[in-house]
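Structure file protein_3.pdb; described as PDB, C-alpha atoms and all ligand atoms.
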ATOM      1  CA  MET A   1     -10.628  -1.537   7.326  1.00  0.00           C
ATOM      2  CA  ASN A   2     -12.800  -1.647   4.211  1.00  0.00           C
ATOM      3  CA  SER A   3     -13.733   1.954   4.757  1.00  0.00           C
ATOM      4  CA  PRO A   4     -10.159   3.389   4.735  1.00  0.00           C
ATOM      5  CA  VAL A   5      -9.388   1.091   1.771  1.00  0.00           C
ATOM      6  CA  GLY A   6     -12.311   2.578  -0.169  1.00  0.00           C
ATOM      7  CA  ASP A   7     -11.382   6.125   0.837  1.00  0.00           C
ATOM      8  CA  ALA A   8      -7.765   5.601  -0.211  1.00  0.00           C
ATOM      9  CA  LEU A   9      -8.798   4.154  -3.587  1.00  0.00           C
ATOM     10  CA  ALA A  10     -11.009   7.200  -4.150  1.00  0.00           C
ATOM     11  CA  LEU A  11      -8.098   9.537  -3.338  1.00  0.00           C
ATOM     12  CA  VAL A  12      -5.676   7.885  -5.800  1.00  0.00           C
ATOM     13  CA  ARG A  13      -8.269   7.356  -8.530  1.00  0.00           C
ATOM     14  CA  GLY A  14      -6.996  10.257 -10.687  1.00  0.00           C
ATOM     15  CA  ASP A  15      -3.427   8.984 -10.413  1.00  0.00           C
ATOM     16  CA  LEU A  16      -4.540   5.459 -11.362  1.00  0.00           C
ATOM     17  CA  GLU A  17      -6.431   6.727 -14.392  1.00  0.00           C
ATOM     18  CA  ALA A  18      -3.568   8.982 -15.512  1.00  0.00           C
ATOM     19  CA  HIS A  19      -1.238   5.967 -15.498  1.00  0.00           C
ATOM     20  CA  ARG A  20      -3.804   3.541 -16.952  1.00  0.00           C
ATOM     21  CA  VAL A  21      -3.682   1.265 -13.934  1.00  0.00           C
ATOM     22  CA  ALA A  22      -6.543  -1.221 -13.543  1.00  0.00           C
ATOM     23  CA  VAL A  23      -7.792  -1.907 -10.037  1.00  0.00           C
ATOM     24  CA  ARG A  24      -8.821  -5.244  -8.665  1.00  0.00           C
ATOM     25  CA  ALA A  25     -10.400  -4.953  -5.227  1.00  0.00           C
ATOM     26  CA  GLU A  26     -11.295  -8.051  -3.238  1.00  0.00           C
ATOM     27  CA  ARG A  27     -12.990  -7.012  -0.028  1.00  0.00           C
ATOM     28  CA  SER A  28     -14.068  -9.476   2.607  1.00  0.00           C
ATOM     29  CA  GLU A  29     -17.494  -8.476   3.898  1.00  0.00           C
ATOM     30  CA  GLN A  30     -16.852 -10.308   7.163  1.00  0.00           C
ATOM     31  CA  LEU A  31     -14.027  -8.205   8.549  1.00  0.00           C
ATOM     32  CA  PRO A  32     -14.096  -7.643  12.308  1.00  0.00           C
ATOM     33  CA  ARG A  33     -14.149  -3.972  13.273  1.00  0.00           C
ATOM     34  CA  ILE A  34     -10.829  -2.630  14.493  1.00  0.00           C
ATOM     35  CA  ASN A  35      -9.954   0.354  16.636  1.00  0.00           C
ATOM     36  CA  GLY A  36      -7.818   2.900  14.884  1.00  0.00           C
ATOM     37  CA  ASP A  37      -7.442   6.335  13.425  1.00  0.00           C
ATOM     38  CA  PRO A  38      -9.236   6.161  10.063  1.00  0.00           C
ATOM     39  CA  VAL A  39      -7.298   9.052   8.558  1.00  0.00           C
ATOM     40  CA  GLN A  40      -3.915   7.591   9.508  1.00  0.00           C
ATOM     41  CA  LEU A  41      -4.886   4.175   8.150  1.00  0.00           C
ATOM     42  CA  GLN A  42      -6.140   5.753   4.944  1.00  0.00           C
ATOM     43  CA  GLN A  43      -2.835   7.645   4.688  1.00  0.00           C
ATOM     44  CA  VAL A  44      -0.868   4.382   4.946  1.00  0.00           C
ATOM     45  CA  LEU A  45      -2.955   2.884   2.139  1.00  0.00           C
ATOM     46  CA  VAL A  46      -2.539   5.979  -0.053  1.00  0.00           C
ATOM     47  CA  ASN A  47       1.235   5.710   0.419  1.00  0.00           C
ATOM     48  CA  LEU A  48       1.298   2.021  -0.514  1.00  0.00           C
ATOM     49  CA  MET A  49      -0.934   2.628  -3.532  1.00  0.00           C
ATOM     50  CA  THR A  50       1.204   5.575  -4.658  1.00  0.00           C
ATOM     51  CA  ASN A  51       4.314   3.413  -4.440  1.00  0.00           C
ATOM     52  CA  ALA A  52       2.484   0.791  -6.501  1.00  0.00           C
ATOM     53  CA  VAL A  53       1.632   3.356  -9.188  1.00  0.00           C
ATOM     54  CA  ASP A  54       5.234   4.653  -9.170  1.00  0.00           C
ATOM     55  CA  SER A  55       6.513   1.111  -9.685  1.00  0.00           C
ATOM     56  CA  MET A  56       4.306   0.593 -12.748  1.00  0.00           C
ATOM     57  CA  ALA A  57       4.433   4.086 -14.254  1.00  0.00           C
ATOM     58  CA  SER A  58       7.470   3.483 -16.459  1.00  0.00           C
ATOM     59  CA  MET A  59       6.680  -0.101 -17.294  1.00  0.00           C
ATOM     60  CA  ASN A  60       5.224  -1.687 -20.405  1.00  0.00           C
ATOM     61  CA  GLY A  61       2.621  -4.393 -20.123  1.00  0.00           C
ATOM     62  CA  GLU A  62      -0.271  -4.984 -17.803  1.00  0.00           C
ATOM     63  CA  ARG A  63      -0.647  -2.540 -14.931  1.00  0.00           C
ATOM     64  CA  VAL A  64      -2.817  -3.880 -12.150  1.00  0.00           C
ATOM     65  CA  LEU A  65      -3.210  -2.719  -8.580  1.00  0.00           C
ATOM     66  CA  CYS A  66      -4.760  -5.436  -6.454  1.00  0.00           C
ATOM     67  CA  VAL A  67      -6.077  -4.529  -3.014  1.00  0.00           C
ATOM     68  CA  ARG A  68      -7.376  -7.308  -0.827  1.00  0.00           C
ATOM     69  CA  SER A  69      -8.809  -7.423   2.678  1.00  0.00           C
ATOM     70  CA  GLU A  70      -9.282 -10.657   4.579  1.00  0.00           C
ATOM     71  CA  VAL A  71      -9.312 -12.202   8.030  1.00  0.00           C
ATOM     72  CA  HIS A  72      -6.194 -14.149   8.948  1.00  0.00           C
ATOM     73  CA  GLU A  73      -6.646 -17.445  10.825  1.00  0.00           C
ATOM     74  CA  SER A  74      -5.308 -15.627  13.916  1.00  0.00           C
ATOM     75  CA  GLY A  75      -8.286 -13.269  13.736  1.00  0.00           C
ATOM     76  CA  SER A  76      -6.191 -10.336  12.516  1.00  0.00           C
ATOM     77  CA  VAL A  77      -7.321  -8.241   9.602  1.00  0.00           C
ATOM     78  CA  VAL A  78      -4.930  -8.466   6.653  1.00  0.00           C
ATOM     79  CA  VAL A  79      -4.884  -5.859   3.907  1.00  0.00           C
ATOM     80  CA  SER A  80      -2.571  -6.455   0.975  1.00  0.00           C
ATOM     81  CA  VAL A  81      -1.601  -4.010  -1.745  1.00  0.00           C
ATOM     82  CA  GLU A  82      -0.037  -5.698  -4.747  1.00  0.00           C
ATOM     83  CA  ASP A  83       1.210  -4.363  -8.068  1.00  0.00           C
ATOM     84  CA  THR A  84       2.494  -5.766 -11.347  1.00  0.00           C
ATOM     85  CA  GLY A  85       5.637  -3.633 -11.299  1.00  0.00           C
ATOM     86  CA  ASN A  86       9.153  -4.994 -11.188  1.00  0.00           C
ATOM     87  CA  GLY A  87       9.165  -5.617  -7.450  1.00  0.00           C
ATOM     88  CA  ILE A  88      11.859  -4.806  -4.944  1.00  0.00           C
ATOM     89  CA  GLU A  89      15.505  -5.706  -5.469  1.00  0.00           C
ATOM     90  CA  ALA A  90      16.554  -8.486  -3.090  1.00  0.00           C
ATOM     91  CA  GLU A  91      19.320  -6.314  -1.614  1.00  0.00           C
ATOM     92  CA  ALA A  92      16.888  -3.439  -0.996  1.00  0.00           C
ATOM     93  CA  THR A  93      14.284  -5.366   0.991  1.00  0.00           C
ATOM     94  CA  ASP A  94      16.126  -4.745   4.273  1.00  0.00           C
ATOM     95  CA  GLN A  95      16.342  -1.031   3.588  1.00  0.00           C
ATOM     96  CA  ILE A  96      12.998   0.097   2.226  1.00  0.00           C
ATOM     97  CA  PHE A  97      11.628   0.940   5.682  1.00  0.00           C
ATOM     98  CA  ASN A  98      14.661   3.070   6.579  1.00  0.00           C
ATOM     99  CA  PRO A  99      13.945   6.814   6.657  1.00  0.00           C
ATOM    100  CA  LEU A 100      15.352   8.569   3.552  1.00  0.00           C
ATOM    101  CA  PHE A 101      15.894   5.312   1.632  1.00  0.00           C
ATOM    102  CA  THR A 102      14.677   5.836  -1.912  1.00  0.00           C
ATOM    103  CA  THR A 103      15.540   4.511  -5.357  1.00  0.00           C
ATOM    104  CA  LYS A 104      13.547   7.287  -7.076  1.00  0.00           C
ATOM    105  CA  ALA A 105      15.105  10.360  -8.674  1.00  0.00           C
ATOM    106  CA  HIS A 106      12.712  12.640  -6.785  1.00  0.00           C
ATOM    107  CA  GLY A 107      11.800  10.339  -3.910  1.00  0.00           C
ATOM    108  CA  MET A 108      11.700  11.383  -0.271  1.00  0.00           C
ATOM    109  CA  GLY A 109      12.152   7.914   1.148  1.00  0.00           C
ATOM    110  CA  MET A 110       9.896   8.689   4.113  1.00  0.00           C
ATOM    111  CA  GLY A 111       6.681   6.962   3.036  1.00  0.00           C
ATOM    112  CA  LEU A 112       7.270   3.410   4.228  1.00  0.00           C
ATOM    113  CA  SER A 113       9.032   4.553   7.381  1.00  0.00           C
ATOM    114  CA  ILE A 114       5.996   6.640   8.385  1.00  0.00           C
ATOM    115  CA  CYS A 115       3.614   3.870   7.321  1.00  0.00           C
ATOM    116  CA  ARG A 116       5.365   1.369   9.538  1.00  0.00           C
ATOM    117  CA  SER A 117       5.251   3.754  12.546  1.00  0.00           C
ATOM    118  CA  ILE A 118       1.519   4.233  12.055  1.00  0.00           C
ATOM    119  CA  ILE A 119       0.821   0.515  11.745  1.00  0.00           C
ATOM    120  CA  GLU A 120       2.982  -0.338  14.768  1.00  0.00           C
ATOM    121  CA  ALA A 121       1.123   2.330  16.780  1.00  0.00           C
ATOM    122  CA  HIS A 122      -2.010   0.334  15.899  1.00  0.00           C
ATOM    123  CA  ASN A 123      -0.369  -2.886  17.168  1.00  0.00           C
ATOM    124  CA  GLY A 124      -0.101  -4.102  13.596  1.00  0.00           C
ATOM    125  CA  ARG A 125       2.657  -5.230  11.287  1.00  0.00           C
ATOM    126  CA  LEU A 126       3.741  -3.905   7.903  1.00  0.00           C
TER
HETATM  127  N1  LIG B 201       5.464  -1.169  -4.757  1.00  0.00           N
HETATM  128  C1  LIG B 201       6.785  -1.072  -4.841  1.00  0.00           C
HETATM  129  N2  LIG B 201       7.472  -1.660  -5.864  1.00  0.00           N
HETATM  130  C2  LIG B 201       8.811  -1.567  -5.939  1.00  0.00           C
HETATM  131  N3  LIG B 201       9.581  -0.900  -5.056  1.00  0.00           N
HETATM  132  C3  LIG B 201       8.963  -0.296  -4.029  1.00  0.00           C
HETATM  133  C4  LIG B 201       7.548  -0.349  -3.865  1.00  0.00           C
HETATM  134  N4  LIG B 201       7.229   0.348  -2.731  1.00  0.00           N
HETATM  135  C5  LIG B 201       8.385   0.809  -2.230  1.00  0.00           C
HETATM  136  N5  LIG B 201       9.440   0.438  -3.000  1.00  0.00           N
HETATM  137  C6  LIG B 201      10.857   0.774  -2.759  1.00  0.00           C
HETATM  138  O1  LIG B 201      10.984   1.327  -1.464  1.00  0.00           O
HETATM  139  C7  LIG B 201      11.570   2.626  -1.537  1.00  0.00           C
HETATM  140  C8  LIG B 201      11.082   3.479  -0.388  1.00  0.00           C
HETATM  141  O2  LIG B 201       9.687   3.774  -0.538  1.00  0.00           O
HETATM  142  P1  LIG B 201       9.098   5.033   0.237  1.00  0.00           P
HETATM  143  O3  LIG B 201       9.520   4.970   1.672  1.00  0.00           O
HETATM  144  O4  LIG B 201       7.642   5.107  -0.031  1.00  0.00           O
HETATM  145  O5  LIG B 201       9.854   6.277  -0.409  1.00  0.00           O
HETATM  146  P2  LIG B 201       9.747   6.907  -1.890  1.00  0.00           P
HETATM  147  O6  LIG B 201       8.435   6.454  -2.481  1.00  0.00           O
HETATM  148  O7  LIG B 201       9.799   8.383  -1.660  1.00  0.00           O
HETATM  149  O8  LIG B 201      10.937   6.391  -2.642  1.00  0.00           O
HETATM  150  C9  LIG B 201      11.222   3.109  -2.933  1.00  0.00           C
HETATM  151  O9  LIG B 201      12.109   4.122  -3.387  1.00  0.00           O
HETATM  152  C10 LIG B 201      11.360   1.828  -3.742  1.00  0.00           C
HETATM  153  O10 LIG B 201      12.711   1.525  -4.004  1.00  0.00           O
HETATM  154 MG    MG B 202       6.597   6.372  -1.464  1.00  0.00          MG
END
Written as structure tokens, how would this file's structure read?
Ligand SMILES: Nc1ncnc2c1ncn2[C@@H]1O[C@H](COP(=O)(O)OP(=O)(O)O)[C@@H](O)[C@H]1O
Ligand SMILES: [Mg+2]
Amino acid sequence: MNSPVGDALALVRGDLEAHRVAVRAERSEQLPRINGDPVQLQQVLVNLMTNAVDSMASMNGERVLCVRSEVHESGSVVVSVEDTGNGIEAEATDQIFNPLFTTKAHGMGMGLSICRSIIEAHNGRL
């Protein structure tokens, strides 16, 4: 998973720089290899990182994207994408994975729905 994480970070680099977002990457070097489609997994990460940038773009204060990979005690690989934006409204947390749900003026609302399908097709959880 460190390879799609690195590829995704490279793809959003311009966007991160344009919005003055600092990146903190904490990669475990001991990740077990997983079977999966590298391009699909990279696409999921790009989507999550783009949402993170969107959430910080109109915000004052520190803008940090933190991407971490680690091994869970169950043996699963966990990748987390965290931002210093305002977070998700409590009443929206049930809806964000629904197709067409968006709170953005020009949002499509398809990103998280597609991401979840990809991760579930890899026997994972988002
Ligand atoms: N990092 C985030 N911070 C805050 N809200 C988020 C974040 N990621 C997703 N969301 C919420 O989930 C909604 C759906 O996201 P997504 O499916 O990617 O569609 P879109 O980005 O087109 O709105 C967003 O409109 C936003 O309300
Ligand atoms: Mg999105």
Item to check | Output check: residues returned by the PyMOL selection byres (((chain A and resi 124) around 12) and not hetatm), as an MDAnalysis selection string | outcome: chainID A and resid 34:36 41 76:79 115:123 125:126
Item to check | Close residues to ligand MG 202 (chain B) using only C-alpha atoms and all ligand atoms, limit 6 Å, as a list in words | outcome: Asn47, Asn51 and Gly111 of chain A
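If you look at CA of Arg13 (chain A) and atom O7 of ligand LIG 201 (chain B), they are 19.4 Å away from each other.
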Next on the checklist: Around ligand LIG 201 (chain B), which protein and nucleic acid residues have at least one atom no more than 9 Å from it, if we count all atoms listed in the file? List them as a VMD selection string.
Outcome noted: chain A and resid 47 to 56 81 to 89 92 to 93 95 to 115
Preceding selection exported with C-alpha atoms as a PDB file, in the coordinates of the input:
ATOM      1  CA  ASN A  47       1.235   5.710   0.419  1.00  0.00           C
ATOM      2  CA  LEU A  48       1.298   2.021  -0.514  1.00  0.00           C
ATOM      3  CA  MET A  49      -0.934   2.628  -3.532  1.00  0.00           C
ATOM      4  CA  THR A  50       1.204   5.575  -4.658  1.00  0.00           C
ATOM      5  CA  ASN A  51       4.314   3.413  -4.440  1.00  0.00           C
ATOM      6  CA  ALA A  52       2.484   0.791  -6.501  1.00  0.00           C
ATOM      7  CA  VAL A  53       1.632   3.356  -9.188  1.00  0.00           C
ATOM      8  CA  ASP A  54       5.234   4.653  -9.170  1.00  0.00           C
ATOM      9  CA  SER A  55       6.513   1.111  -9.685  1.00  0.00           C
ATOM     10  CA  MET A  56       4.306   0.593 -12.748  1.00  0.00           C
ATOM     11  CA  VAL A  81      -1.601  -4.010  -1.745  1.00  0.00           C
ATOM     12  CA  GLU A  82      -0.037  -5.698  -4.747  1.00  0.00           C
ATOM     13  CA  ASP A  83       1.210  -4.363  -8.068  1.00  0.00           C
ATOM     14  CA  THR A  84       2.494  -5.766 -11.347  1.00  0.00           C
ATOM     15  CA  GLY A  85       5.637  -3.633 -11.299  1.00  0.00           C
ATOM     16  CA  ASN A  86       9.153  -4.994 -11.188  1.00  0.00           C
ATOM     17  CA  GLY A  87       9.165  -5.617  -7.450  1.00  0.00           C
ATOM     18  CA  ILE A  88      11.859  -4.806  -4.944  1.00  0.00           C
ATOM     19  CA  GLU A  89      15.505  -5.706  -5.469  1.00  0.00           C
ATOM     20  CA  ALA A  92      16.888  -3.439  -0.996  1.00  0.00           C
ATOM     21  CA  THR A  93      14.284  -5.366   0.991  1.00  0.00           C
ATOM     22  CA  GLN A  95      16.342  -1.031   3.588  1.00  0.00           C
ATOM     23  CA  ILE A  96      12.998   0.097   2.226  1.00  0.00           C
ATOM     24  CA  PHE A  97      11.628   0.940   5.682  1.00  0.00           C
ATOM     25  CA  ASN A  98      14.661   3.070   6.579  1.00  0.00           C
ATOM     26  CA  PRO A  99      13.945   6.814   6.657  1.00  0.00           C
ATOM     27  CA  LEU A 100      15.352   8.569   3.552  1.00  0.00           C
ATOM     28  CA  PHE A 101      15.894   5.312   1.632  1.00  0.00           C
ATOM     29  CA  THR A 102      14.677   5.836  -1.912  1.00  0.00           C
ATOM     30  CA  THR A 103      15.540   4.511  -5.357  1.00  0.00           C
ATOM     31  CA  LYS A 104      13.547   7.287  -7.076  1.00  0.00           C
ATOM     32  CA  ALA A 105      15.105  10.360  -8.674  1.00  0.00           C
ATOM     33  CA  HIS A 106      12.712  12.640  -6.785  1.00  0.00           C
ATOM     34  CA  GLY A 107      11.800  10.339  -3.910  1.00  0.00           C
ATOM     35  CA  MET A 108      11.700  11.383  -0.271  1.00  0.00           C
ATOM     36  CA  GLY A 109      12.152   7.914   1.148  1.00  0.00           C
ATOM     37  CA  MET A 110       9.896   8.689   4.113  1.00  0.00           C
ATOM     38  CA  GLY A 111       6.681   6.962   3.036  1.00  0.00           C
ATOM     39  CA  LEU A 112       7.270   3.410   4.228  1.00  0.00           C
ATOM     40  CA  SER A 113       9.032   4.553   7.381  1.00  0.00           C
ATOM     41  CA  ILE A 114       5.996   6.640   8.385  1.00  0.00           C
ATOM     42  CA  CYS A 115       3.614   3.870   7.321  1.00  0.00           C
TER      43      CYS A 115
END
Item to check | Residue contacts of Glu26 (chain A) (8 Å, only C-alpha atoms) excluding same-chain residues fewer than 2 positions away, as number ranges by chain | outcome: A: 24, 28, 66-69
Checklist entry - Do you know which residues are at most 9 Å from Val46 (chain A) counting only C-alpha atoms, after dropping those on the same chain fewer than 4 positions away, and could you put them as a list in words? => result Val5, Asp7, Ala8, Leu9, Leu11, Val12, Leu41, Gln42, Thr50 and Asn51 of chain A
Convert the current residue selection to file output with C-alpha atoms, as a PDB file, keeping the file's coordinate frame.
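What ended up in result_19.pdb:
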ATOM      1  CA  VAL A   5      -9.388   1.091   1.771  1.00  0.00           C
ATOM      2  CA  ASP A   7     -11.382   6.125   0.837  1.00  0.00           C
ATOM      3  CA  ALA A   8      -7.765   5.601  -0.211  1.00  0.00           C
ATOM      4  CA  LEU A   9      -8.798   4.154  -3.587  1.00  0.00           C
ATOM      5  CA  LEU A  11      -8.098   9.537  -3.338  1.00  0.00           C
ATOM      6  CA  VAL A  12      -5.676   7.885  -5.800  1.00  0.00           C
ATOM      7  CA  LEU A  41      -4.886   4.175   8.150  1.00  0.00           C
ATOM      8  CA  GLN A  42      -6.140   5.753   4.944  1.00  0.00           C
ATOM      9  CA  THR A  50       1.204   5.575  -4.658  1.00  0.00           C
ATOM     10  CA  ASN A  51       4.314   3.413  -4.440  1.00  0.00           C
TER      11      ASN A  51
END
Edge lengths and centre in Å to one decimal, as AutoDock Vina command-line options, of the axis-aligned box that encloses all listed atoms of region 36-50 of chain A with 3 Å added on every side?
--center_x -4.0 --center_y 5.5 --center_z 5.1 --size_x 16.5 --size_y 13.0 --size_z 25.5
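Here CA of Val64 (chain A) and CA of Ala22 (chain A) stand 4.8 Å from one another.
We find CA of Asn60 (chain A) and CA of Arg20 (chain A) to be spaced 11.0 Å apart.
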Item to check | Among listed residues A:Met1, A:Ser58, A:Pro32, A:His19, nearest Ser74 (chain A) (using all atoms listed in the file) | outcome: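 Closest residue, counting all atoms listed in the file: A:Pro32.
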Checklist entry - Between A:Ser3, A:Ala90, A:Gly14, A:Val23, which has the minimum distance to Asp37 (chain A) (counting all atoms listed in the file)? => result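 The closest residue to Asp37 (chain A) is A:Ser3.
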